[in-house]
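Shown next: data11.txt, given as compact mmCIF, C-alpha atoms.
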# COMPACT_ATOMS: atom_id res chain seq x y z
CA MET A 64 78.67 62.46 93.47
CA ASP A 65 74.92 62.93 93.23
CA ALA A 66 73.25 66.05 91.94
CA ALA A 67 72.07 67.32 95.34
CA THR A 68 75.56 67.23 96.85
CA TYR A 69 76.93 68.95 93.76
CA SER A 70 74.36 71.75 94.05
CA ILE A 71 75.19 72.24 97.73
CA GLY A 72 78.87 72.43 96.81
CA LEU A 73 78.13 75.00 94.10
CA VAL A 74 76.13 77.12 96.56
CA VAL A 75 79.03 77.03 99.03
CA VAL A 76 81.44 78.07 96.27
CA ALA A 77 79.08 80.88 95.22
CA ILE A 78 78.99 82.19 98.80
CA GLY A 79 82.80 81.98 98.91
CA LEU A 80 83.03 83.87 95.62
CA ILE A 81 80.71 86.62 96.83
CA VAL A 82 82.75 87.02 100.02
CA GLY A 83 86.03 86.99 98.09
CA PHE A 84 84.95 89.47 95.43
CA ALA A 85 83.44 91.79 98.06
CA ALA A 86 86.76 91.69 99.90
CA ILE A 87 88.68 92.51 96.70
CA ILE A 88 86.40 95.48 96.00
CA ARG A 89 86.84 96.84 99.53
CA GLU A 90 90.61 96.28 99.70
CA LYS A 91 92.76 99.21 98.61
CA ASP A 92 96.27 97.89 99.34
CA ASP A 93 97.78 96.32 96.20
CA LEU A 94 99.70 93.55 97.97
CA HIS A 95 96.58 92.43 99.82
CA ARG A 96 94.65 92.51 96.56
CA ILE A 97 97.12 90.04 95.03
CA LEU A 98 96.64 87.71 97.99
CA LEU A 99 92.84 87.98 97.85
CA THR A 100 92.90 87.35 94.09
CA ASP A 101 94.89 84.20 94.67
CA LEU A 102 92.30 83.10 97.22
CA ALA A 103 89.53 83.70 94.67
CA GLU A 104 91.48 81.63 92.16
CA VAL A 105 91.50 78.69 94.57
CA LEU A 106 87.70 78.77 94.31
CA ALA A 107 88.00 78.14 90.55
CA LEU A 108 89.95 74.98 91.39
CA VAL A 109 87.23 74.07 93.90
CA VAL A 110 84.58 74.35 91.16
CA ILE A 111 86.64 71.98 89.00
CA ALA A 112 87.22 69.64 91.95
CA LEU A 113 83.46 69.47 92.60
CA VAL A 114 83.09 67.49 89.37
CA ALA A 115 84.85 64.72 91.30
CA THR A 116 85.88 62.46 88.40
CA ASP A 117 89.25 61.42 87.01
CA LEU A 118 88.82 64.08 84.32
CA ALA A 119 88.48 66.77 86.99
CA GLU A 120 91.73 65.59 88.52
CA ALA A 121 93.41 65.99 85.15
CA LEU A 122 91.96 69.50 84.77
CA ILE A 123 93.03 70.78 88.18
CA LEU A 124 96.76 70.58 87.41
CA PRO A 125 96.70 72.87 84.32
CA GLY A 126 94.32 75.18 86.17
CA LEU A 127 96.73 75.37 89.07
CA VAL A 128 99.71 75.99 86.76
CA VAL A 129 97.89 78.80 84.95
CA GLY A 130 96.89 80.33 88.28
CA ILE A 131 100.43 80.21 89.64
CA SER A 132 101.95 81.67 86.47
CA GLU A 133 99.45 84.55 86.49
CA LEU A 134 100.21 85.11 90.16
CA MET A 135 103.95 85.20 89.37
CA ALA A 136 103.44 87.62 86.48
CA VAL A 137 101.33 89.99 88.59
CA SER A 138 103.82 89.77 91.48
CA GLU A 139 106.67 90.68 89.10
CA VAL A 140 104.66 93.67 87.90
CA TYR A 141 104.05 94.63 91.54
CA ILE A 142 107.77 94.41 92.36
CA ALA A 143 108.67 96.53 89.33
CA LYS A 144 105.88 98.99 90.09
CA GLU A 145 106.88 99.54 93.70
CA GLY A 146 110.62 99.39 92.95
CA LEU A 147 111.20 96.76 95.63
CA LYS A 148 114.66 95.30 96.31
CA ALA A 149 115.80 92.15 98.09
CA PRO A 150 116.42 92.87 101.80
CA GLU A 151 120.00 93.12 102.99
CA GLY A 152 121.55 92.05 106.27
CA PRO A 153 122.06 88.74 108.10
CA PRO A 154 119.37 86.09 107.60
CA PHE A 155 116.94 85.03 110.29
CA HIS A 156 118.41 82.59 112.81
CA ILE A 157 117.12 80.86 115.97
CA GLU A 158 118.49 78.03 118.05
CA VAL A 159 116.02 75.35 116.93
CA MET A 160 117.36 75.74 113.41
CA ASP A 161 120.62 74.12 114.61
CA SER A 162 119.10 71.18 116.46
CA ALA A 163 115.98 70.19 114.49
CA PRO A 164 117.01 69.84 110.81
CA GLY A 165 118.89 66.54 111.02
CA ILE A 166 116.19 64.41 112.60
CA LEU A 167 113.24 66.12 110.89
CA ALA A 168 114.82 65.87 107.44
CA LEU A 169 115.65 62.20 108.08
CA ILE A 170 112.05 61.37 109.05
CA LEU A 171 110.52 63.30 106.15
CA VAL A 172 112.88 61.88 103.52
CA ALA A 173 112.40 58.31 104.81
CA TYR A 174 108.61 58.71 104.84
CA GLY A 175 108.72 60.26 101.36
CA ILE A 176 110.62 57.28 99.99
CA VAL A 177 108.02 54.95 101.52
CA LEU A 178 105.21 56.96 99.86
CA SER A 179 107.11 57.26 96.52
CA GLY A 180 105.68 58.96 93.45
CA PHE A 181 104.73 62.64 93.27
CA THR A 182 103.44 62.87 96.85
CA GLY A 183 106.52 61.11 98.19
CA GLY A 184 108.76 63.45 96.24
CA ALA A 185 107.00 66.45 97.72
CA VAL A 186 107.23 65.08 101.29
CA ALA A 187 110.89 64.17 100.92
CA ALA A 188 111.59 67.53 99.33
CA VAL A 189 110.06 69.37 102.28
CA GLY A 190 112.63 67.61 104.46
CA ALA A 191 115.46 68.55 102.11
CA VAL A 192 114.23 72.15 101.82
CA PHE A 193 114.08 72.47 105.59
CA TYR A 194 117.57 71.02 105.99
CA PHE A 195 119.15 73.31 103.39
CA MET A 196 117.35 76.38 104.74
CA CYS A 197 118.57 75.78 108.28
CA ARG A 198 122.04 74.37 107.77
CA GLY A 199 123.17 76.16 104.66
CA HIS A 200 124.61 74.20 101.77
CA ALA A 201 127.86 73.53 99.99
CA GLU A 202 126.87 71.02 97.32
CA GLN A 203 127.29 71.09 93.57
CA PHE A 204 124.19 72.29 91.81
CA GLU A 205 125.30 70.62 88.57
CA LEU A 206 125.06 67.22 90.25
CA ILE A 207 121.50 67.82 91.45
CA GLU A 208 120.53 69.11 88.04
CA THR A 209 122.06 66.08 86.30
CA VAL A 210 120.29 63.63 88.62
CA SER A 211 117.03 65.50 88.10
CA GLY A 212 117.50 65.37 84.32
CA TYR A 213 118.15 61.61 84.29
CA ALA A 214 115.12 61.09 86.56
CA TRP A 215 112.97 63.00 84.10
CA ALA A 216 114.27 60.89 81.22
CA ILE A 217 113.44 57.70 83.15
CA TRP A 218 109.97 59.07 83.85
CA ILE A 219 109.39 59.65 80.14
CA ALA A 220 110.79 56.18 79.35
CA ALA A 221 108.22 54.75 81.77
CA PHE A 222 105.47 56.34 79.67
CA PHE A 223 106.89 54.66 76.57
CA VAL A 224 106.73 51.37 78.45
CA PHE A 225 103.04 52.01 79.13
CA MET A 226 102.41 52.83 75.48
CA PHE A 227 104.43 50.18 73.64
CA LEU A 228 104.90 47.37 76.19
CA PRO A 229 101.69 47.45 78.22
CA ALA A 230 102.39 43.93 79.51
CA TYR A 231 105.26 45.33 81.60
CA TRP A 232 103.05 47.97 83.29
CA PHE A 233 104.31 47.11 86.79
CA PHE A 234 107.89 47.79 85.73
CA GLY A 235 106.67 51.09 84.21
CA VAL A 236 104.88 52.07 87.41
CA MET A 237 108.00 51.39 89.44
CA MET A 238 110.18 53.39 87.03
CA ALA A 239 107.77 56.33 86.98
CA GLY A 240 107.26 56.28 90.75
CA GLY A 241 110.96 56.22 91.57
CA ALA A 242 111.92 58.75 88.92
CA ILE A 243 109.26 61.30 89.82
CA LEU A 244 110.28 60.95 93.48
CA ILE A 245 113.88 61.89 92.65
CA LYS A 246 112.79 64.55 90.17
CA VAL A 247 110.42 66.43 92.48
CA MET A 248 112.82 66.09 95.40
CA ALA A 249 115.81 67.42 93.45
CA LYS A 250 113.85 70.35 92.05
CA MET A 251 112.32 71.34 95.35
CA SER A 252 115.53 70.99 97.34
CA LEU A 253 116.97 73.71 95.11
CA VAL A 254 114.29 75.97 96.61
CA GLY A 255 115.81 75.44 100.04
CA THR A 256 119.16 76.77 98.88
CA MET A 257 117.71 80.06 97.70
CA ARG A 258 117.69 81.69 101.11
CA ARG A 259 121.41 81.53 101.92
CA GLY A 260 122.61 81.25 98.41
CA GLY A 261 125.77 82.44 96.80
CA PRO A 262 126.63 85.97 95.80
CA ASN A 263 123.92 86.34 93.20
CA VAL A 264 120.89 85.15 95.16
CA MET B 129 83.57 60.15 60.84
CA PHE B 130 83.64 63.76 61.93
CA ASN B 131 80.81 66.03 60.96
CA LEU B 132 80.36 69.38 62.62
CA PRO B 133 76.82 69.16 63.97
CA THR B 134 75.99 72.84 63.52
CA THR B 135 76.71 74.27 60.15
CA ASN B 136 74.90 77.57 60.53
CA ILE B 137 77.73 79.42 62.29
CA GLY B 138 81.04 77.98 61.27
CA GLY B 139 80.06 76.11 58.10
CA GLN B 140 81.23 72.58 57.37
CA GLU B 141 84.61 71.57 58.67
CA LEU B 142 87.45 71.79 56.17
CA PHE B 143 90.16 69.95 58.00
CA VAL B 144 90.29 67.88 61.17
CA LEU B 145 93.34 67.25 63.32
CA GLU B 146 93.04 64.43 65.81
CA PHE B 147 95.06 64.26 69.04
CA GLY B 148 93.53 61.23 70.74
CA ASP B 149 90.11 62.36 71.88
CA ILE B 150 90.91 66.04 71.47
CA VAL B 151 89.99 66.92 67.91
CA ALA B 152 90.97 70.31 66.56
CA TYR B 153 89.05 71.48 63.51
CA PHE B 154 89.06 74.19 60.88
CA SER B 155 85.70 75.47 59.67
CA PRO B 156 85.53 78.42 57.24
CA TYR B 157 84.84 80.69 60.21
CA THR B 158 87.71 79.51 62.41
CA THR B 159 90.02 79.28 59.41
CA ALA B 160 89.41 82.97 58.73
CA LEU B 161 90.22 83.79 62.37
CA PHE B 162 93.26 81.49 62.27
CA VAL B 163 94.66 83.14 59.15
CA PHE B 164 94.09 86.58 60.68
CA ALA B 165 96.00 85.58 63.82
CA LEU B 166 98.72 83.98 61.70
CA ILE B 167 99.24 87.19 59.72
CA PHE B 168 99.59 89.28 62.86
CA THR B 169 101.93 86.74 64.46
CA ALA B 170 104.13 86.95 61.37
CA LEU B 171 103.99 90.74 61.58
CA ALA B 172 105.08 90.61 65.23
CA ILE B 173 108.02 88.40 64.21
CA VAL B 174 109.27 90.63 61.40
CA SER B 175 108.36 94.12 62.60
CA ARG B 176 110.77 96.56 64.18
CA PRO B 177 109.92 98.85 67.09
CA GLU B 178 108.72 102.33 66.40
CA LYS B 179 111.24 105.08 67.13
CA GLN B 180 109.72 108.22 68.42
CA MET B 181 110.61 111.89 68.49
CA ASP B 182 109.61 114.38 71.13
CA ILE B 183 109.46 117.93 69.90
CA ALA B 184 110.13 120.68 72.40
CA PHE B 185 107.15 122.97 71.94
CA GLY B 186 107.89 126.48 70.74
CA GLY B 187 111.35 125.77 69.37
CA ASP B 188 113.27 123.75 66.84
CA ALA B 189 114.66 121.30 69.38
CA TYR B 190 113.63 117.67 69.36
CA TYR B 191 114.96 114.55 70.99
CA ALA B 192 114.67 110.88 70.11
CA LYS B 193 113.30 108.44 72.66
CA VAL B 194 115.51 105.44 73.36
CA VAL B 195 114.12 101.94 72.82
CA ASP B 196 115.49 99.61 75.49
CA PRO B 197 116.54 96.41 73.63
CA GLU B 198 115.94 94.24 76.74
CA LEU B 199 112.35 95.35 77.12
CA MET B 200 111.79 95.31 73.36
CA ARG B 201 112.98 91.70 73.11
CA PHE B 202 110.76 90.69 76.01
CA GLN B 203 107.77 92.45 74.50
CA ARG B 204 108.35 90.85 71.10
CA PHE B 205 108.64 87.41 72.69
CA MET B 206 105.40 87.98 74.57
CA ALA B 207 103.68 89.23 71.40
CA ILE B 208 104.73 86.10 69.49
CA ALA B 209 103.68 83.85 72.39
CA CYS B 210 100.35 85.69 72.49
CA GLY B 211 99.95 85.04 68.76
CA LEU B 212 100.63 81.32 69.21
CA ALA B 213 98.15 81.11 72.11
CA THR B 214 95.55 82.85 69.95
CA LEU B 215 96.20 80.38 67.12
CA GLY B 216 95.60 77.55 69.57
CA ALA B 217 92.39 79.10 70.88
CA MET B 218 91.08 79.48 67.32
CA VAL B 219 91.38 75.83 66.28
CA THR B 220 90.92 73.83 69.47
CA GLY B 221 87.96 71.47 69.67
CA ASP B 222 87.90 71.17 73.44
CA VAL B 223 86.26 73.63 75.81
CA PHE B 224 88.84 73.26 78.57
CA ASN B 225 91.71 73.73 76.11
CA PHE B 226 89.97 76.87 74.90
CA THR B 227 89.87 78.22 78.46
CA LEU B 228 93.54 77.35 78.93
CA PHE B 229 94.50 79.14 75.71
CA ALA B 230 92.37 82.12 76.75
CA SER B 231 94.17 82.42 80.07
CA LEU B 232 97.50 81.99 78.27
CA VAL B 233 96.51 84.97 76.12
CA GLY B 234 95.79 86.81 79.36
CA ILE B 235 99.23 86.04 80.82
CA THR B 236 101.06 87.10 77.65
CA ASN B 237 98.98 90.27 77.48
CA ILE B 238 100.14 91.13 81.00
CA GLY B 239 103.69 90.65 79.71
CA ILE B 240 103.14 92.89 76.69
CA VAL B 241 101.59 95.68 78.73
CA ALA B 242 104.12 95.34 81.57
CA ALA B 243 107.24 95.79 79.41
CA TYR B 244 107.59 99.45 80.33
CA ARG B 245 109.35 101.33 83.09
CA ASN B 246 106.68 104.00 83.51
CA ARG B 247 104.84 103.79 86.77
CA HIS B 248 101.41 104.56 85.39
CA VAL B 249 101.81 101.88 82.70
CA LEU B 250 102.85 99.35 85.33
CA ASN B 251 99.85 100.38 87.40
CA ALA B 252 97.56 99.64 84.45
CA ALA B 253 99.34 96.31 83.86
CA PHE B 254 98.88 95.42 87.51
CA GLN B 255 95.18 96.19 87.45
CA TYR B 256 94.77 94.19 84.25
CA GLY B 257 96.64 91.31 85.90
CA ILE B 258 94.18 91.33 88.80
CA VAL B 259 91.24 91.31 86.37
CA ALA B 260 92.78 88.52 84.27
CA MET B 261 93.39 86.41 87.39
CA LEU B 262 89.85 86.94 88.59
CA ALA B 263 88.56 86.05 85.12
CA THR B 264 90.03 82.56 85.40
CA VAL B 265 87.39 81.86 88.06
CA PRO B 266 84.36 82.10 85.72
CA LEU B 267 86.44 80.73 82.83
CA PHE B 268 87.45 77.47 84.54
CA GLY B 269 84.17 77.46 86.47
CA GLY B 270 82.27 77.55 83.17
CA ALA B 271 84.29 74.66 81.75
CA ALA B 272 83.83 72.69 84.99
CA ILE B 273 80.05 73.21 84.94
CA VAL B 274 80.00 72.10 81.29
CA VAL B 275 81.77 68.86 82.13
CA ALA B 276 79.66 68.34 85.26
CA SER B 277 76.33 68.77 83.49
CA THR B 278 77.08 67.07 80.15
CA GLY B 279 79.94 64.72 80.97
CA THR B 280 82.10 65.86 78.07
CA LEU B 281 84.28 68.78 77.04
CA SER B 282 84.53 67.93 73.36
CA MET B 283 82.87 70.50 71.11
CA TRP B 284 81.97 67.66 68.72
CA GLU B 285 79.61 66.33 71.41
CA LEU B 286 78.51 69.67 72.80
CA PHE B 287 77.50 71.11 69.43
CA THR B 288 74.94 68.34 68.83
CA GLY B 289 71.32 69.01 69.69
CA ALA B 290 71.18 66.06 72.08
CA VAL B 291 73.40 67.74 74.68
CA ALA B 292 71.99 70.70 76.60
CA VAL B 293 74.57 73.02 78.12
CA PRO B 294 73.20 75.09 81.03
CA LEU B 295 72.94 78.82 80.46
CA ILE B 296 75.08 79.59 83.52
CA ALA B 297 78.04 77.71 81.99
CA LYS B 298 77.77 79.74 78.77
CA ALA B 299 77.48 82.96 80.78
CA PHE B 300 80.56 82.02 82.81
CA LEU B 301 82.55 81.28 79.65
CA VAL B 302 81.65 84.66 78.13
CA LEU B 303 82.36 86.45 81.41
CA GLY B 304 85.77 84.77 81.67
CA VAL B 305 86.74 85.69 78.11
CA MET B 306 85.59 89.25 78.78
CA GLY B 307 88.00 89.42 81.70
CA GLU B 308 90.91 87.94 79.75
CA GLY B 309 90.14 90.10 76.72
CA MET B 310 89.97 93.27 78.78
CA ALA B 311 93.57 94.22 77.90
CA PRO B 312 92.81 96.82 75.15
CA PHE B 313 90.89 98.81 77.77
CA TYR B 314 94.03 99.01 79.91
CA VAL B 315 96.18 99.76 76.87
CA ALA B 316 93.94 102.75 76.25
CA LYS B 317 94.02 103.65 79.94
CA ALA B 318 97.82 103.70 79.99
CA GLU B 319 97.91 105.45 76.60
CA ILE B 320 100.57 103.14 75.16
CA THR B 321 98.94 102.52 71.78
CA ARG B 322 101.67 104.61 70.19
CA ALA B 323 104.40 104.24 72.81
CA GLN B 324 107.85 102.76 72.16
CA GLY B 325 107.65 99.29 70.70
CA ALA B 326 104.27 100.18 69.26
CA PRO B 327 103.68 97.33 66.78
CA PHE B 328 103.71 94.69 69.50
CA ILE B 329 100.84 96.37 71.33
CA LEU B 330 98.69 95.50 68.31
CA MET B 331 98.77 91.86 69.33
CA VAL B 332 96.80 92.72 72.49
CA HIS B 333 93.94 94.08 70.39
CA VAL B 334 94.10 91.26 67.83
CA SER B 335 94.10 88.48 70.41
CA SER B 336 91.18 89.82 72.42
CA LEU B 337 89.13 90.52 69.29
CA LEU B 338 89.69 86.96 68.04
CA LEU B 339 88.94 85.49 71.48
CA PHE B 340 85.59 87.28 71.54
CA LEU B 341 84.72 86.08 68.04
CA ARG B 342 85.64 82.51 68.87
CA VAL B 343 83.75 82.40 72.18
CA ALA B 344 80.70 83.76 70.38
CA GLU B 345 80.89 80.83 67.96
CA ILE B 346 81.30 78.30 70.79
CA VAL B 347 78.51 79.70 72.95
CA ILE B 348 76.02 79.99 70.08
CA SER B 349 76.79 76.51 68.76
CA MET B 350 76.52 74.84 72.17
Starting from the file, lay out its structure as structure tokens.
Amino acid sequence: MDAATYSIGLVVVAIGLIVGFAAIIREKDDLHRILLTDLAEVLALVVIALVATDLAEALILPGLVVGISELMAVSEVYIAKEGLKAPEGPPFHIEVMDSAPGILALILVAYGIVLSGFTGGAVAAVGAVFYFMCRGHAEQFELIETVSGYAWAIWIAAFFVFMFLPAYWFFGVMMAGGAILIKVMAKMSLVGTMRRGGPNV
Amino acid sequence: MFNLPTTNIGGQELFVLEFGDIVAYFSPYTTALFVFALIFTALAIVSRPEKQMDIAFGGDAYYAKVVDPELMRFQRFMAIACGLATLGAMVTGDVFNFTLFASLVGITNIGIVAAYRNRHVLNAAFQYGIVAMLATVPLFGGAAIVVASTGTLSMWELFTGAVAVPLIAKAFLVLGVMGEGMAPFYVAKAEITRAQGAPFILMVHVSSLLLFLRVAEIVISM
């Protein structure tokens, strides 16, 4: 990216920051302040993304993780501060939640497997999350956890292939791509079971 | 192979630890900070929470405050994690890693301050959390502008005279560390310097002091 484009991007981010910070100063409700703060944090990722190199891509992920963990910490403090409890009563239900999950989950999972890798895992997981949220679940969590653990081990093994047997890089790419697909999908599909979970969720 | 380009602040390097292209170093200055953080981390590991007495005014009666073991354990864990993050921030040779360690200190400080059930303490922790989250914007923004304008994040390159770091990046870095190191202000605001579990609160002060000293070294050397 040339310098002029970068400067324009920085100016846009600066305007966004001014708007965001002005909003945070004006806002009095604590919950809304958390949301606005998260929006402002996205702008930090935008500043990193403006660098537009491979290095920037590597920096965005830790930045995102730090942002999310701070958001989680502040949300926990907010929950404790306000003394909030999980809502009781029957979960939300509409008719489309009976008819749609099968076909949508099938399309998303199939497309995710075609994509493979991290993106594919996320796409496939959205299908699985949607299915579990709508249809409920009766599977063994230990099995999902075990599969996810093996997938992680294969992913790490793929990195060792890259390091010690660089000649077999294609094999390593295939291992890493398949394993991260299963790993992300298994982890995220657990999210879908949180809504109608067992007695302790 | 490695020679710290500026010797006027930190002195010559004593020891260099190489992780690929990320090279951590100990100069006399950072070694002093490192040892200081190490001592207080050890203190957080071995110390026991303070037990407090409330005296009913005008009589002989007094009652002991109860230390909740759950909260105490959480606070001690956060204090130790804060110490480790501070240790990392003291020795790292990479600007982005420094910003990551600084925000890790911020997160653990939220944990230390939040380990209470009082509403006004939680309010202070919440406000500090908002400030710490907002501070990541200039912190990461500063590191991003450094890498955009110089093409490197390594302090070994940035400390040489050949590389000019723009003033705005330095200002952003300092601003970000100010936000993350704001915790003692909120400790004072919530008046928990001598609350239950008092020794662990010390780590908040230690970590922000050391972060300020380290960012001063980085910004002046750049």
One decimal, Å: what's the distance from atom CA of Ala263 of chain B over to atom CA of Ala107 of chain A, could you say?
9.6 Å
Residues at most 7 Å from segment 194-208 of chain B, counting only C-alpha atoms, excluding those fewer than 4 positions away in the same chain, as a JSON list (two decimals) with C-alpha atoms, in the coordinates of the input?
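Printed below is result_2.json as written:
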[["chain", "number", "residue", "atom", "x", "y", "z"],
["B", 169, "THR", "CA", 101.93, 86.74, 64.46],
["B", 172, "ALA", "CA", 105.08, 90.61, 65.23],
["B", 173, "ILE", "CA", 108.02, 88.40, 64.21],
["B", 212, "LEU", "CA", 100.63, 81.32, 69.21],
["B", 236, "THR", "CA", 101.06, 87.10, 77.65],
["B", 239, "GLY", "CA", 103.69, 90.65, 79.71],
["B", 240, "ILE", "CA", 103.14, 92.89, 76.69],
["B", 243, "ALA", "CA", 107.24, 95.79, 79.41],
["B", 324, "GLN", "CA", 107.85, 102.76, 72.16],
["B", 325, "GLY", "CA", 107.65, 99.29, 70.70],
["B", 328, "PHE", "CA", 103.71, 94.69, 69.50],
["B", 331, "MET", "CA", 98.77, 91.86, 69.33]]
Work out how far apart atom CA of Gly234 of chain B and atom CA of Glu308 of chain B are and give it in Å to one decimal.
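Those two atoms sit 5.0 Å apart.
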Output as a PyMOL selection string the set of chain A residues within 9 Å of chain B, with distances taken over all atoms listed in the file.
chain A and resi 69+80+84+93+96-97+100-101+103-115+118-119+122+125-126+129-130+132-134+136-138+140-141+143-145
C-alpha atoms of the current selection, written as a compact mmCIF listing (two decimals), in the coordinates of the input:
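Saved to part.txt:
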# COMPACT_ATOMS: atom_id res chain seq x y z
CA TYR A 69 76.93 68.95 93.76
CA LEU A 80 83.03 83.87 95.62
CA PHE A 84 84.95 89.47 95.43
CA ASP A 93 97.78 96.32 96.20
CA ARG A 96 94.65 92.51 96.56
CA ILE A 97 97.12 90.04 95.03
CA THR A 100 92.90 87.35 94.09
CA ASP A 101 94.89 84.20 94.67
CA ALA A 103 89.53 83.70 94.67
CA GLU A 104 91.48 81.63 92.16
CA VAL A 105 91.50 78.69 94.57
CA LEU A 106 87.70 78.77 94.31
CA ALA A 107 88.00 78.14 90.55
CA LEU A 108 89.95 74.98 91.39
CA VAL A 109 87.23 74.07 93.90
CA VAL A 110 84.58 74.35 91.16
CA ILE A 111 86.64 71.98 89.00
CA ALA A 112 87.22 69.64 91.95
CA LEU A 113 83.46 69.47 92.60
CA VAL A 114 83.09 67.49 89.37
CA ALA A 115 84.85 64.72 91.30
CA LEU A 118 88.82 64.08 84.32
CA ALA A 119 88.48 66.77 86.99
CA LEU A 122 91.96 69.50 84.77
CA PRO A 125 96.70 72.87 84.32
CA GLY A 126 94.32 75.18 86.17
CA VAL A 129 97.89 78.80 84.95
CA GLY A 130 96.89 80.33 88.28
CA SER A 132 101.95 81.67 86.47
CA GLU A 133 99.45 84.55 86.49
CA LEU A 134 100.21 85.11 90.16
CA ALA A 136 103.44 87.62 86.48
CA VAL A 137 101.33 89.99 88.59
CA SER A 138 103.82 89.77 91.48
CA VAL A 140 104.66 93.67 87.90
CA TYR A 141 104.05 94.63 91.54
CA ALA A 143 108.67 96.53 89.33
CA LYS A 144 105.88 98.99 90.09
CA GLU A 145 106.88 99.54 93.70
Return the single residue from A:Lys148, A:Ala185, A:Ala191, A:Tyr231 that is closest to Leu169 of chain A, with distances computed using all atoms listed in the file.
A:Ala191
So which residues fall inside 10 Å of (105.6, 55.3, 87.2) if we count all atoms listed in the file? Mind giving them as a list of chain:residue names?
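Checked against the point, the hits come out as A:Ser179, A:Gly180, A:Phe181, A:Ile217, A:Trp218, A:Ile219, A:Ala220, A:Ala221, A:Phe222, A:Val224, A:Phe225, A:Trp232, A:Phe233, A:Phe234, A:Gly235, A:Val236, A:Met237, A:Met238, A:Ala239, A:Gly240, A:Gly241, A:Ala242, A:Ile243, A:Leu244.
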Find the residue from B:Val302, B:Leu295, B:Ile150, B:Leu339 that sits nearest to Ala165 of chain B; use only C-alpha atoms when measuring.
B:Leu339
Write out as a list in words each polymer residue whose atoms come within 12 Å of Val82 of chain A, counting only C-alpha atoms; drop sequence neighbours fewer than 4 positions from it.
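Skipping anything fewer than 4 positions along the chain leaves Val75, Val76, Ala77, Ile78, Ala86, Ile87, Ile88, Arg89, Leu99, Thr100, Leu102, Ala103 and Leu106 of chain A.
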Please define a box with edges along x, y and z of the file around all atoms of segment 220-224 of chain A given in the file, extend it by 8 Å on each side, and return its centre and edge lengths in Å to one decimal, as JSON.
{"center_x": 108.1, "center_y": 53.9, "center_z": 79.2, "size_x": 21.3, "size_y": 21.0, "size_z": 21.2}
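Among the candidates B:Ala326, B:Ala290, B:Leu166, B:Val233, the residue lying nearest to Ala311 of chain B is B:Val233 (atoms considered: all atoms listed in the file).
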Which residue out of B:Phe313, B:Phe143, B:Phe287, B:Phe168 has the minimum interatomic distance to Ile348 of chain B when all atoms listed in the file are used?
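That would be B:Phe287, the residue with the smallest distance to Ile348 of chain B.
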